[in-house]
Amino acid sequence: MKKTIAVVLLTLMLVSSVFAGGAQETADTGDKTVTMFQLKVEIKDALDGYAAQYSAATPGVTVEVETLGGGADFGGALKAKAQSDDMPDIFQIEGLGGYNVWKDYIASMEGEPWLDDTDLEFIVDGTVYGFPVAIEGYGLAYNADILAKAGIDPATLTTRDAYEKAFKTLEAKKAQLGIDAPVSMAASLSGGMWWVAGQHNLAAYWGGGLDFTDTSVIEDALEGKMDEARFTEYAKYVQLLFKYADQNILLNGSYDDQVGSFAQGKTAFLHQGNWVDPNMAQMNVTFKMGYAPHAFTNTPQTGLYLFAPSWYVVNAQSPRVEEAKAFLASMATTPEGHDYLVNKAGMIPAFKSVTLKPSGQLSQALMAANAKGGNYGVFFGMLPDGAGQNVFGPVYDLFAQNQDDLDQFISDMKAAIASLPNM
Amino acid sequence: MKQRSVVNTLFLVPVVFTFVMIIIVPFSLGIYYSLTDWNGVSPIINFVGFKNFSKLSSAPDFIHSFMITIGYTVINVILVNVVSFILSLIVTSKVKFRNFYRAGFFVPYLIGGIVLGYIWQFILNNILVSLGTAYSIEFLRVSFLSKPESVIWAMSAVNTWQFAGYIMLIYVAAIQSIPKSLMEAASVDGAGFVRNVFHILIPMMANAFTISLFLTLTYSFKQFDMNLTLTNGGPATRFMELPVKASQLLAMNIFDTATANKMAEAQAKAVVLFVVLVVVALIQVSINKKKEVEM
């Protein structure tokens with residue numbers, strides 16, 4: 001009998017240890033471990049390498065990086081970590097929505113050495129909370145070789161009429177140029193491409209043609225108001241992009257379909273940001289490319305859209321706040337950090353003191369635009385969580401199916417914006 | 001005997017403990033959270049009563065998801081069971097290579113829903129469309145997955161392809177358990193094949209229908225993985241004057257709500273899904289049970 005009870009107790013202990021598994025008890029070996037949880041899969045190897053390099057060069061501190069991304073549910077995984085008392089010291093947020101969820105875990109970064117060196121730090125109510133991971137940006141990427149053959153000068157593409165003329169020319173010379181359609185645009189829910197239209201393209205309405213920090217249009221939208229005249233101009237531009245797009249890619253293409261079509265020279269324009277540079281390298285693209293602005297009015301617009309897509313934040317409840325901040329600062333302030341950001345990870349650093357140049361053509365185009373100035377801000381991060389995917393995504397998908405019904409698109413968008421305050 | 005019962009109880013403890021920890025506790029917590037405004041992280045949890053539930057009755061996307069889930073379930077239950085019943089008749093007949101067919105029909109079930117969704121997405125979006133373009137077949141030119149009116153049917157077809165083999169096995173087992181003498185006696189009395197099937201076979205395997213209908217019903221109602229990879233909720237369609245996702249089934253609607261950091265609202269939707277599923281499944285089982293015959 002005693003034996004049976006012993007066995008049962010043992011089983012109980014084993015079972016309960018399964019549930020206790022979440023809480024980690026790390027023995028303090030004197031070495032302080034800073035854990036980092038990040039979502040950019042494409043820089044995983046580079047970041048792991050830099051963390052190892054930093055750990056080796058900094059006695060007493062070890063940085064461990066865990067990566068989850070590529071469409072995986074980063075937010076969900078982070079919540080699981082918070083629930084199991086295993087919050088990382090450094091994690092990543094993508095805007096105000098993320099900040100509002102995680103604000104109890106986010107430490108202030110006031111007084112960090114890199115603050116004067118960037119314009120893209122994450123600020124809420126005047127306090128700095130986030131370290132900009134990189135600059136990303138976009139315009140309408142063009143294949144310079146195809147445009148040259150068709151006799152179009154990309155420098156003239158600064159108004160909607162200029163685009164319409166260019167698209168018409170390309171459409172007429174399709175067979176001769178060997179292209180399927182002028183534009184590679186994606187807007188489908190089924191392909192998971194709602195963000196191209198519902199976030200990046202719509203950003204032109206929020207910020208196009210305005211000052212880099214002018215958020216008046218989106219602030220009105222957050223109160224449910226739409227600027228109908230401005231939106232009508234913009235809607236005509238969307239219609240143009242949709243009409244001259246490869247219809248299969250537009251209606252059900254995936255990211256690979258969309259980028260692949262441009263990389264293979266089957267479309268002359270691509271609506272994507274500089275993050276496609278690694279894809280271009282993988283597909284051995286040799287043609288010249290650059291960015292034309294998303295000029296949706298007939299008043300010329302020349303700027304590209306630049307933004308920090310995400311920020312690293314430091315866990316305020318961790319005992320390793322100082323070590324974590326020091327690690328981030330090293331990226332921004334040391335030559336090794338700059339080398340990692342530009343050469344290893346292939347990103348455009350958000351810090352002005354970095355002099356290295358990225359190798360991708362589109363990244364170079366963005367860097368040039370950044371140096372030149374006159375660019376537009378990207379503000380979709382201010383929208384409530386899920387607005388892009390669940391509200392704007394279906395609106396664009398439906399417009400892609402019924403491209404002639406401009407009025408319906410405008411009224412759908414008006415209703416969508418009116419619903420924002422209740423989200 | 002008294003000692004025995006102590007031992008029995010003790011042996012139950014690990015199982016009961018596990019059941020409580022992974023079913024009862026999360027389930028109760030879930031119901032509790034559905035009455036709050038929790039976002040999944042914040043330590044501040046406010047009790048809001050039934051606000052999350054009352055919101056649902058006026059949310060077009062939720063009502064739409066609810067309706068198409070019912071539609072999808074009806075189509076799916078009929079399609080899967082009819083197809084698998086026909087398959088089971090084929091593989092229990094005297095046809096050559098019947099064991100090979102049995103295995104063949106079952107194989108799709110072994111492919112996970114995620115992988116399967118991607119495979120069929122490729123077939124429907126790329127292969128069929130290229131065939132349509134190459135041979136000028138008009139209705140194939142636009143993918144079935146990008147037309148709001150056909151997407152549910154495409155999903156049901158894919159689900160049938162996957163699930164029919166599994167349900168077929170249940171029917172095969174039921175058919176094989178029916179005594180041969182019954183069928184022979186009927187044949188001697190002059191009953192043809194169709195008569196045999198409808199008057200002997202189907203009544204005799206009523207218990208197999210109970211379990212098969214239950215499985216397909218609950219499975220269709222909770223469908224998620226294939227929905228996510230095959231259609232991702234798309235394309236958009238218009239419902240109650242607003243654009244909504246044409247193939248966003250209930251489980252996916254819950255998922256999309258949760259990933260937008262509306263944990264409590266998603267939880268309320270999940271509670272609704274649970275209640276509806278329990279009610280529907282209970283009704284189905286009790287109706288089916290009445291039709292079963294004892295040997």
# chains A, B, ... in the order shown; residues from 1 in each chain; ligands from 1
$ interface_residues --of "chain B" --to "chain A" --cutoff "10 Å" --atoms "only C-alpha atoms" --output "VMD selection string"
chain B and resid 3 6 to 7 10 to 15 17 to 18 21 to 22 39 to 43 61 121 125 to 126 129 141 to 143 145 to 148 227 to 238 241 to 247 253 256 to 262
$ select_by_dssp --residues "segment 126-358 of chain A" --states "alpha helix (DSSP H)" --output "VMD selection string"
chain A and resid 144 to 150 160 to 172 174 to 177 194 to 195 202 to 207 216 to 222 228 to 243 247 to 252 255 to 263 277 to 282 321 to 333 335 to 339
$ atom_distance --atom1 "atom CA of Phe193 of chain B" --atom2 "atom CA of Val172 of chain B"
16.9 Å
$ residues_around --residues "Phe37 of chain A" --least-positions-apart "6" --cutoff "9 Å" --atoms "only C-alpha atoms" --output "list in words"
Glu64, Val65, Glu66, Thr67, Leu68, Leu78, Met87, Pro88, Asp89, Ile90, Phe91 and Gln92 of chain A
$ atom_distance --atom1 "atom CA of Lys222 of chain B" --atom2 "atom CA of Ile287 of chain B"
21.4 Å
$ residues_around --residues "segment 271-284 of chain B" --least-positions-apart "4" --cutoff "9 Å" --atoms "only C-alpha atoms" --output "list in words"
Gly30, Ile31, Ser34, Phe53, Phe66, Thr210, Leu213, Phe214, Leu217, Thr218, Phe221, Lys222, Leu250, Ala251, Ala266, Gln267, Asn288 and Lys289 of chain B
$ write_last_selection --atoms "C-alpha atoms" --output "short mmCIF file (atom, residue, chain, number, x, y, z; two decimals), in the first residue's frame"
data_model
loop_
_atom_site.label_atom_id
_atom_site.label_comp_id
_atom_site.auth_asym_id
_atom_site.auth_seq_id
_atom_site.Cartn_x
_atom_site.Cartn_y
_atom_site.Cartn_z
CA GLY B 30 -12.26 31.45 -20.96
CA ILE B 31 -15.84 32.02 -19.91
CA SER B 34 -15.39 36.63 -22.23
CA PHE B 53 -21.83 39.29 -26.51
CA PHE B 66 -21.77 32.52 -38.58
CA THR B 210 -24.69 8.70 -36.07
CA LEU B 213 -22.57 12.76 -39.08
CA PHE B 214 -21.37 13.80 -35.64
CA LEU B 217 -20.66 18.16 -38.30
CA THR B 218 -18.34 19.10 -35.46
CA PHE B 221 -18.09 23.75 -37.60
CA LYS B 222 -14.63 24.08 -36.13
CA LEU B 250 -16.19 31.16 -37.41
CA ALA B 251 -12.94 29.74 -36.09
CA ALA B 266 -12.57 36.68 -29.39
CA GLN B 267 -13.25 34.67 -26.26
CA ASN B 288 -29.86 9.78 -35.16
CA LYS B 289 -30.04 7.59 -32.06
#
$ residues_around --residues "segment 76-86 of chain B" --least-positions-apart "4" --cutoff "10 Å" --atoms "only C-alpha atoms" --output "ChimeraX atom specification"
/B:70-72,90-91,105,152-153,155-172,202,209,212-221
$ write_last_selection --atoms "N, CA, C and O atoms" --output "compact mmCIF listing (two decimals), in the first residue's frame"
# COMPACT_ATOMS: atom_id res chain seq x y z
N ILE B 70 -22.51 27.87 -41.09
CA ILE B 70 -23.65 26.95 -41.14
C ILE B 70 -23.81 26.39 -42.56
O ILE B 70 -23.94 25.19 -42.77
N GLY B 71 -23.71 27.30 -43.55
CA GLY B 71 -23.80 26.87 -44.95
C GLY B 71 -22.73 25.86 -45.29
O GLY B 71 -23.01 24.79 -45.86
N TYR B 72 -21.52 26.17 -44.90
CA TYR B 72 -20.39 25.28 -45.18
C TYR B 72 -20.60 23.94 -44.51
O TYR B 72 -20.34 22.88 -45.09
N ILE B 90 -18.25 0.93 -52.97
CA ILE B 90 -17.31 0.47 -54.01
C ILE B 90 -16.28 -0.48 -53.41
O ILE B 90 -16.04 -1.56 -53.93
N VAL B 91 -15.68 -0.08 -52.28
CA VAL B 91 -14.56 -0.89 -51.77
C VAL B 91 -15.05 -2.13 -51.01
O VAL B 91 -14.24 -2.96 -50.62
N PHE B 105 -7.97 5.87 -51.01
CA PHE B 105 -8.96 6.88 -50.59
C PHE B 105 -8.63 7.43 -49.21
O PHE B 105 -9.01 8.55 -48.87
N ILE B 152 -16.79 28.84 -51.08
CA ILE B 152 -17.24 27.87 -50.07
C ILE B 152 -17.32 26.47 -50.67
O ILE B 152 -16.95 25.48 -50.04
N TRP B 153 -17.78 26.42 -51.94
CA TRP B 153 -17.87 25.12 -52.61
C TRP B 153 -16.49 24.53 -52.84
O TRP B 153 -16.29 23.32 -52.67
N MET B 155 -13.91 25.06 -51.01
CA MET B 155 -13.44 24.58 -49.71
C MET B 155 -14.08 23.25 -49.35
O MET B 155 -13.41 22.34 -48.84
N SER B 156 -15.38 23.12 -49.61
CA SER B 156 -16.06 21.86 -49.30
C SER B 156 -15.50 20.72 -50.13
O SER B 156 -15.32 19.61 -49.63
N ALA B 157 -15.20 21.02 -51.40
CA ALA B 157 -14.65 19.98 -52.26
C ALA B 157 -13.31 19.50 -51.71
O ALA B 157 -13.04 18.29 -51.63
N VAL B 158 -12.47 20.46 -51.32
CA VAL B 158 -11.16 20.08 -50.77
C VAL B 158 -11.32 19.29 -49.48
O VAL B 158 -10.68 18.28 -49.26
N ASN B 159 -12.25 19.74 -48.64
CA ASN B 159 -12.47 19.05 -47.37
C ASN B 159 -13.00 17.64 -47.61
O ASN B 159 -12.60 16.70 -46.91
N THR B 160 -13.87 17.50 -48.61
CA THR B 160 -14.39 16.17 -48.93
C THR B 160 -13.26 15.25 -49.40
O THR B 160 -13.16 14.11 -48.98
N TRP B 161 -12.42 15.80 -50.24
CA TRP B 161 -11.27 15.03 -50.73
C TRP B 161 -10.44 14.51 -49.55
O TRP B 161 -9.97 13.38 -49.55
N GLN B 162 -10.30 15.36 -48.54
CA GLN B 162 -9.49 14.95 -47.40
C GLN B 162 -10.23 13.98 -46.48
O GLN B 162 -9.69 12.98 -46.04
N PHE B 163 -11.50 14.28 -46.21
CA PHE B 163 -12.19 13.64 -45.09
C PHE B 163 -12.96 12.39 -45.50
O PHE B 163 -13.25 11.53 -44.67
N ALA B 164 -13.32 12.29 -46.80
CA ALA B 164 -14.19 11.19 -47.23
C ALA B 164 -13.55 9.83 -46.95
O ALA B 164 -14.24 8.89 -46.55
N GLY B 165 -12.25 9.72 -47.13
CA GLY B 165 -11.59 8.44 -46.92
C GLY B 165 -11.70 7.96 -45.49
O GLY B 165 -11.84 6.76 -45.22
N TYR B 166 -11.65 8.89 -44.58
CA TYR B 166 -11.71 8.56 -43.16
C TYR B 166 -13.11 8.08 -42.78
O TYR B 166 -13.28 7.04 -42.15
N ILE B 167 -14.12 8.84 -43.21
CA ILE B 167 -15.51 8.45 -42.93
C ILE B 167 -15.83 7.13 -43.64
O ILE B 167 -16.55 6.28 -43.11
N MET B 168 -15.24 6.95 -44.83
CA MET B 168 -15.42 5.70 -45.59
C MET B 168 -15.06 4.50 -44.73
O MET B 168 -15.77 3.49 -44.71
N LEU B 169 -13.96 4.60 -43.98
CA LEU B 169 -13.52 3.47 -43.14
C LEU B 169 -14.60 3.11 -42.12
O LEU B 169 -14.82 1.92 -41.85
N ILE B 170 -15.25 4.12 -41.56
CA ILE B 170 -16.30 3.85 -40.58
C ILE B 170 -17.45 3.09 -41.24
O ILE B 170 -17.95 2.10 -40.72
N TYR B 171 -17.84 3.56 -42.45
CA TYR B 171 -18.91 2.88 -43.17
C TYR B 171 -18.50 1.47 -43.56
O TYR B 171 -19.31 0.54 -43.49
N VAL B 172 -17.26 1.30 -43.98
CA VAL B 172 -16.79 -0.03 -44.38
C VAL B 172 -16.90 -0.99 -43.20
O VAL B 172 -17.42 -2.12 -43.33
N ILE B 202 -28.66 0.50 -45.15
CA ILE B 202 -28.70 1.78 -44.44
C ILE B 202 -29.33 1.65 -43.05
O ILE B 202 -28.75 2.12 -42.08
N PHE B 209 -23.94 5.99 -39.16
CA PHE B 209 -24.34 7.33 -39.58
C PHE B 209 -24.30 8.31 -38.42
O PHE B 209 -23.92 9.47 -38.57
N SER B 212 -20.65 9.20 -37.93
CA SER B 212 -20.08 9.91 -39.07
C SER B 212 -20.64 11.32 -39.18
O SER B 212 -19.91 12.28 -39.43
N LEU B 213 -21.96 11.42 -39.00
CA LEU B 213 -22.57 12.76 -39.08
C LEU B 213 -22.04 13.64 -37.95
O LEU B 213 -21.73 14.81 -38.15
N PHE B 214 -21.89 13.04 -36.77
CA PHE B 214 -21.37 13.80 -35.64
C PHE B 214 -19.95 14.31 -35.95
O PHE B 214 -19.64 15.49 -35.75
N LEU B 215 -19.12 13.41 -36.45
CA LEU B 215 -17.73 13.80 -36.73
C LEU B 215 -17.67 14.89 -37.79
O LEU B 215 -16.97 15.91 -37.63
N THR B 216 -18.41 14.71 -38.90
CA THR B 216 -18.31 15.70 -39.97
C THR B 216 -18.92 17.03 -39.53
O THR B 216 -18.41 18.09 -39.86
N LEU B 217 -20.00 16.94 -38.76
CA LEU B 217 -20.66 18.16 -38.30
C LEU B 217 -19.74 18.98 -37.40
O LEU B 217 -19.50 20.17 -37.64
N THR B 218 -19.20 18.35 -36.39
CA THR B 218 -18.34 19.10 -35.46
C THR B 218 -17.07 19.56 -36.16
O THR B 218 -16.60 20.68 -35.95
N TYR B 219 -16.53 18.69 -37.02
CA TYR B 219 -15.30 19.04 -37.71
C TYR B 219 -15.50 20.26 -38.62
O TYR B 219 -14.69 21.19 -38.63
N SER B 220 -16.62 20.26 -39.37
CA SER B 220 -16.87 21.39 -40.27
C SER B 220 -17.10 22.67 -39.49
O SER B 220 -16.65 23.74 -39.89
N PHE B 221 -17.80 22.56 -38.40
CA PHE B 221 -18.09 23.75 -37.60
C PHE B 221 -16.82 24.38 -37.06
O PHE B 221 -16.72 25.60 -36.94
$ atom_distance --atom1 "atom CA of Glu138 of chain B" --atom2 "atom CA of Gln264 of chain A"
26.8 Å
$ residues_around --residues "segment 132-147 of chain A" --least-positions-apart "6" --cutoff "6 Å" --atoms "only C-alpha atoms" --output "number ranges by chain"
A: 121, 268-271, 273, 288-294, 304-308, 310-311, 348-350
